[in-house]
Structures are given as structure tokens and as C-alpha cells.
file coords.csv (CSV, C-alpha atoms and all ligand atoms)
chain,number,residue,atom,x,y,z
U,350,MET,CA,-2.6,-9.4,9.5
U,351,LYS,CA,-0.2,-8.7,12.3
U,352,ILE,CA,-1.1,-6.0,14.8
U,353,LEU,CA,1.2,-4.4,17.4
U,354,VAL,CA,-0.4,-3.5,20.7
U,355,LEU,CA,1.9,-1.0,22.2
U,356,ASN,CA,1.7,0.3,25.8
U,357,GLY,CA,3.8,3.2,27.1
U,358,PRO,CA,5.1,4.2,30.5
U,359,ASN,CA,3.6,3.0,33.8
U,360,LEU,CA,1.1,0.7,32.1
U,361,ASN,CA,3.2,-2.3,33.4
U,362,MET,CA,1.8,-1.2,36.7
U,363,LEU,CA,-1.9,-1.7,35.7
U,364,GLY,CA,-3.7,-3.5,38.5
U,365,GLN,CA,-1.5,-1.9,41.1
U,366,ARG,CA,-1.4,1.8,40.1
U,367,GLU,CA,-4.3,4.0,41.1
U,368,PRO,CA,-7.0,1.2,41.0
U,369,ALA,CA,-9.8,3.7,41.4
U,370,ILE,CA,-8.9,5.1,38.0
U,371,TYR,CA,-7.3,2.1,36.2
U,372,GLY,CA,-9.1,-0.8,37.9
U,373,THR,CA,-7.6,-4.1,39.1
U,374,LEU,CA,-6.7,-5.9,35.9
U,375,SER,CA,-3.0,-6.4,35.2
U,376,LEU,CA,-1.5,-5.7,31.8
U,377,ASP,CA,-1.2,-9.4,31.3
U,378,ASP,CA,-5.0,-9.7,32.1
U,379,LEU,CA,-5.7,-6.9,29.6
U,380,ASN,CA,-3.6,-8.5,26.9
U,381,ARG,CA,-5.2,-11.9,27.5
U,382,LYS,CA,-8.7,-10.4,27.2
U,383,LEU,CA,-7.8,-8.6,24.1
U,384,ALA,CA,-6.3,-11.7,22.5
U,385,GLN,CA,-9.6,-13.6,23.4
U,386,TYR,CA,-11.6,-10.8,21.8
U,387,ALA,CA,-9.4,-11.0,18.7
U,388,GLU,CA,-10.2,-14.7,18.4
U,389,GLY,CA,-13.9,-14.0,18.5
U,390,LEU,CA,-13.5,-11.3,15.8
U,391,ASN,CA,-11.5,-13.7,13.7
U,392,ALA,CA,-14.2,-16.4,14.1
U,393,ASP,CA,-16.9,-13.9,13.0
U,394,ARG,CA,-14.8,-12.8,10.0
U,395,GLY,CA,-14.7,-16.3,8.6
U,396,GLU,CA,-12.3,-16.7,5.7
U,397,LYS,CA,-10.9,-13.2,6.0
U,398,ASP,CA,-7.3,-12.6,7.0
U,399,LYS,CA,-6.9,-13.4,10.7
U,400,ALA,CA,-5.7,-10.7,13.1
U,401,GLU,CA,-2.6,-11.8,15.1
U,402,LEU,CA,-1.8,-9.6,18.1
U,403,PHE,CA,1.7,-8.9,19.4
U,404,PHE,CA,2.1,-7.1,22.7
U,405,TYR,CA,4.8,-4.8,23.9
U,406,GLN,CA,5.2,-2.4,26.8
U,407,THR,CA,8.1,-0.2,27.7
U,408,ASN,CA,8.7,2.8,30.0
U,409,HIS,CA,11.3,4.2,27.6
U,410,GLU,CA,10.6,6.9,25.0
U,411,GLY,CA,13.5,6.1,22.7
U,412,VAL,CA,12.6,2.4,22.6
U,413,LEU,CA,9.0,3.3,21.6
U,414,ILE,CA,10.4,5.6,18.8
U,415,ASP,CA,12.5,2.8,17.5
U,416,MET,CA,9.6,0.3,17.6
U,417,ILE,CA,7.2,2.7,15.8
U,418,GLN,CA,9.8,3.6,13.1
U,419,LYS,CA,10.3,-0.1,12.3
U,420,ALA,CA,6.7,-1.3,12.8
U,421,SER,CA,5.7,-1.2,9.2
U,422,GLU,CA,8.3,-3.9,8.3
U,423,THR,CA,6.2,-6.4,10.3
U,424,TYR,CA,2.8,-5.0,11.2
U,425,ALA,CA,-0.3,-3.9,9.3
U,426,GLY,CA,-1.3,-1.4,12.1
U,427,ILE,CA,-0.7,-0.4,15.7
U,428,ILE,CA,-3.0,0.0,18.8
U,429,TYR,CA,-1.1,2.5,20.9
U,430,ASN,CA,-1.6,3.7,24.5
U,431,PRO,CA,1.0,6.4,24.8
U,432,ALA,CA,0.2,6.9,28.5
U,433,ALA,CA,1.7,10.1,29.9
U,434,HIS,CA,3.6,10.7,26.6
U,435,THR,CA,0.1,11.4,25.1
U,436,HIS,CA,0.2,14.9,26.5
U,437,TYR,CA,3.6,16.1,25.6
U,438,SER,CA,5.8,13.8,23.4
U,439,ILE,CA,6.3,15.5,20.1
U,440,ALA,CA,9.1,13.0,19.3
U,441,LEU,CA,6.6,10.1,19.5
U,442,ARG,CA,3.9,12.1,17.7
U,443,ASP,CA,6.4,12.7,14.9
U,444,ALA,CA,7.3,8.9,14.9
U,445,VAL,CA,3.6,8.0,14.5
U,446,ALA,CA,3.1,10.7,11.8
U,447,GLY,CA,6.1,9.3,9.8
U,448,VAL,CA,4.9,5.7,9.5
U,449,PRO,CA,2.9,4.4,6.6
U,450,ILE,CA,0.6,2.1,8.7
U,451,PRO,CA,-2.5,3.2,10.6
U,452,VAL,CA,-2.2,3.9,14.4
U,453,VAL,CA,-5.2,4.0,16.7
U,454,GLU,CA,-4.8,5.9,20.0
U,455,VAL,CA,-6.3,4.2,23.1
U,456,HIS,CA,-6.7,5.1,26.8
U,457,TYR,CA,-8.0,3.1,29.7
U,458,SER,CA,-9.4,6.2,31.4
U,459,ASP,CA,-11.3,9.1,29.9
U,460,ILE,CA,-8.6,11.7,29.5
U,461,ALA,CA,-11.2,14.4,28.7
U,462,GLN,CA,-12.8,14.0,32.1
U,463,ARG,CA,-9.6,14.2,34.1
U,464,GLU,CA,-7.1,16.9,35.0
U,465,GLY,CA,-6.7,19.7,32.5
U,466,PHE,CA,-3.2,18.7,31.5
U,467,ARG,CA,-4.6,15.4,30.2
U,468,HIS,CA,-7.1,17.0,27.9
U,469,LEU,CA,-4.6,17.6,25.2
U,470,SER,CA,-3.4,14.6,23.1
U,471,VAL,CA,-0.6,15.5,20.7
U,472,PHE,CA,-1.4,12.2,18.9
U,473,LYS,CA,-5.0,12.8,18.1
U,474,GLU,CA,-4.3,14.3,14.7
U,475,VAL,CA,-1.9,11.7,13.6
U,476,CYS,CA,-3.9,8.7,14.6
U,477,ILE,CA,-6.9,7.3,12.6
U,478,SER,CA,-9.1,7.4,15.7
U,479,GLN,CA,-9.1,7.6,19.5
U,480,PHE,CA,-10.9,5.3,22.0
U,481,LYS,CA,-10.9,6.2,25.7
U,482,GLY,CA,-12.6,5.8,29.0
U,483,LYS,CA,-13.7,2.2,28.8
U,484,GLY,CA,-10.8,0.2,30.1
U,485,VAL,CA,-10.4,-3.1,28.2
U,486,VAL,CA,-13.3,-2.2,26.0
U,487,SER,CA,-11.4,0.8,24.7
U,488,TYR,CA,-8.8,-1.6,23.4
U,489,GLU,CA,-11.4,-3.9,22.0
U,490,GLU,CA,-13.2,-1.1,20.1
U,491,ALA,CA,-9.8,0.1,18.8
U,492,LEU,CA,-9.0,-3.4,17.5
U,493,ALA,CA,-12.3,-3.8,15.7
U,494,PHE,CA,-12.0,-0.3,14.2
U,495,LEU,CA,-8.4,-0.9,13.1
U,496,ILE,CA,-9.1,-4.3,11.4
U,497,GLU,CA,-12.0,-2.7,9.5
U,498,TYR,CA,-9.8,0.2,8.5
U,499,ILE,CA,-7.0,-2.0,7.3
U,500,GLU,CA,-9.4,-4.1,5.2
U,501,LYS,CA,-10.9,-1.0,3.6
U,502,HIS,CA,-7.5,0.6,2.7
U,601,LIG,C1,-3.7,6.8,30.1
U,601,LIG,C2,-4.0,8.2,30.5
U,601,LIG,C3,-2.8,9.1,30.7
U,601,LIG,O1,-3.1,10.4,31.0
U,601,LIG,C4,-1.9,8.6,31.8
U,601,LIG,O2,-0.7,9.3,31.9
U,601,LIG,C5,-1.6,7.1,31.7
U,601,LIG,C6,-2.7,6.2,31.1
U,601,LIG,C7,-4.9,5.9,30.1
U,601,LIG,O3,-4.7,4.8,29.6
U,601,LIG,O4,-5.9,6.2,30.7
U,601,LIG,O5,-0.6,6.6,32.1
U,601,LIG,O6,-3.1,6.8,28.8

call {"tool": "encode", "arguments": {"input": "coords.csv", "output": "C-alpha cells"}}
result
Amino acid sequence: MKILVLNGPNLNMLGQREPAIYGTLSLDDLNRKLAQYAEGLNADRGEKDKAELFFYQTNHEGVLIDMIQKASETYAGIIYNPAAHTHYSIALRDAVAGVPIPVVEVHYSDIAQREGFRHLSVFKEVCISQFKGKGVVSYEEALAFLIEYIEKH
């Protein structure tokens, strides 16, 4: 199964932006770690369909909308960190609501413990689950959850 790992605005700056909040790993480091984790999951899952990860980051809302709209042609599911769009982009929320594949919302930081404007996620209701506050581990948990969900549905 092909899985798209989608990261929104400013996540290309991981490792440099606000390290006290987002740590020192770069986005490439994060993607490498997640790919390694996927290999481990695949090994544990034996003969079952292997998860193959595809990574994409952009700072542009319209590009994200286009990618989400077309994702079901190629991917079985999406792990998505909408970054700042989380809190206000109804256009992206509607794109997620309109696709027939499962989308898991993920955040590096714990948006519920930060400024008030980060507490609202417009994606929460249209995603199958939300993982937050654990850095790379949030993405790992999201991946394990998504694979299980895809297998059951
Ligand atoms: C974030 C949290 C958002 O509030 C913020 O705008 C981001 C990253 C996270 O991964 O913790 O850019 O989605």
C-alpha cells in the first residue's frame, strides 16, 4: 500500500525553526526515521501488503489542495501535518472531506497545550484520528494506526 506523508507550510524549516518547540531534527531526518519505522512495521507484518511511503512538503495551499484531490488515484491513505493551515483552512479541510481515502492528522507539538488559537483544528472531524505532541513518534503512531485502519476497511 502506498502512503502519502504530506507536510504543510514551514515544516521545511524543521531543525531551524523554534527548536525549543520543534526540536533539532530536519524534515529529511524525520522522513528518514519514519521510513525506517515503516520498514520495521513491514517486517513485523510478514506476508501482509508492505507500506511504501512517499514524502511531500509545500508551503502553498493550492498545491496541497491539488495533491489531496488527486491522492486517491495513487495512495491508500495520507498522513498529514497541515501545520498553520490546521487552524483556519476550510479549503483544505473540504479537500480532505472530499477524498475517499483515510487521512490521519499529525502534529509535532501538542497544539492543545499551546496558544489558544492553536487549540482549534478544522481537520479533526474529517480525519480518522489525530496524533500530536510527540515529535517523530506522533508520525510513527499515525502510520501504525493508518496501516491498521486501511487493512480493516
Ligand atoms: C504544527 C502545529 C501548528 O500550530 C503550527 O502552525 C505548525 C506545526 C506541529 O506540527 O506541531 O506549523 O502543525

call {"tool": "residues_near_ligand", "arguments": {"input": "coords.csv", "ligand": "ligand LIG 601 (chain U)", "cutoff": "6 Å", "atoms": "all atoms listed in the file", "output": "PyMOL selection string"}}
result
chain U and resi 359+430-433+456-458+460+467

call {"tool": "residues_around", "arguments": {"input": "coords.csv", "residues": "Val486 (chain U)", "least_positions_apart": "3", "cutoff": "10 Å", "atoms": "all atoms listed in the file", "output": "MDAnalysis selection string"}}
result
chainID U and resid 379 382:383 386 455:457 480:483 489:492

call {"tool": "write_last_selection", "arguments": {"input": "coords.csv", "atoms": "C-alpha atoms", "output": "mmCIF file, keeping the file's coordinate frame"}}
result
data_model
loop_
_atom_site.group_PDB
_atom_site.id
_atom_site.type_symbol
_atom_site.label_atom_id
_atom_site.label_comp_id
_atom_site.auth_asym_id
_atom_site.auth_seq_id
_atom_site.Cartn_x
_atom_site.Cartn_y
_atom_site.Cartn_z
ATOM 1 C CA LEU U 379 -5.700 -6.900 29.600
ATOM 2 C CA LYS U 382 -8.700 -10.400 27.200
ATOM 3 C CA LEU U 383 -7.800 -8.600 24.100
ATOM 4 C CA TYR U 386 -11.600 -10.800 21.800
ATOM 5 C CA VAL U 455 -6.300 4.200 23.100
ATOM 6 C CA HIS U 456 -6.700 5.100 26.800
ATOM 7 C CA TYR U 457 -8.000 3.100 29.700
ATOM 8 C CA PHE U 480 -10.900 5.300 22.000
ATOM 9 C CA LYS U 481 -10.900 6.200 25.700
ATOM 10 C CA GLY U 482 -12.600 5.800 29.000
ATOM 11 C CA LYS U 483 -13.700 2.200 28.800
ATOM 12 C CA GLU U 489 -11.400 -3.900 22.000
ATOM 13 C CA GLU U 490 -13.200 -1.100 20.100
ATOM 14 C CA ALA U 491 -9.800 0.100 18.800
ATOM 15 C CA LEU U 492 -9.000 -3.400 17.500
#

call {"tool": "residues_around", "arguments": {"input": "coords.csv", "residues": "Leu355 (chain U)", "least_positions_apart": "4", "cutoff": "7 Å", "atoms": "all atoms listed in the file", "output": "list in words"}}
result
Phe404, Tyr405, Gln406, Ile428, Tyr429 and Asn430 of chain U

call {"tool": "atom_distance", "arguments": {"input": "coords.csv", "atom1": "CA of Ala369 (chain U)", "atom2": "CA of Gly465 (chain U)"}}
result
18.6 Å

call {"tool": "atom_distance", "arguments": {"input": "coords.csv", "atom1": "CA of Ile477 (chain U)", "atom2": "CA of Ile496 (chain U)"}}
result
11.9 Å

call {"tool": "atom_distance", "arguments": {"input": "coords.csv", "atom1": "CA of Asn356 (chain U)", "atom2": "CA of Gly389 (chain U)"}}
result
22.4 Å

call {"tool": "closest_residue", "arguments": {"input": "coords.csv", "among": "U:Tyr371, U:Phe494, U:Phe403, U:Tyr424", "to": "Val448 (chain U)", "atoms": "only C-alpha atoms"}}
result
U:Tyr424

call {"tool": "residues_around", "arguments": {"input": "coords.csv", "residues": "region 372-377 of chain U", "least_positions_apart": "3", "cutoff": "7 Å", "atoms": "only C-alpha atoms", "output": "list in words"}}
result
Leu360, Asn361, Leu363, Gly364, Gln365, Pro368, Ala369, Asn380 and Arg381 of chain U

call {"tool": "closest_residue", "arguments": {"input": "coords.csv", "among": "U:Ser470, U:Thr423, U:Gln462, U:Gln418", "to": "Val445 (chain U)", "atoms": "only C-alpha atoms"}}
result
U:Gln418

call {"tool": "closest_residue", "arguments": {"input": "coords.csv", "among": "U:Ala461, U:Ile352, U:Leu402, U:Leu469", "to": "Ser421 (chain U)", "atoms": "only C-alpha atoms"}}
result
U:Ile352

call {"tool": "closest_residue", "arguments": {"input": "coords.csv", "among": "U:Ala384, U:Cys476, U:Val471, U:Val485", "to": "Ile427 (chain U)", "atoms": "all atoms listed in the file"}}
result
U:Cys476
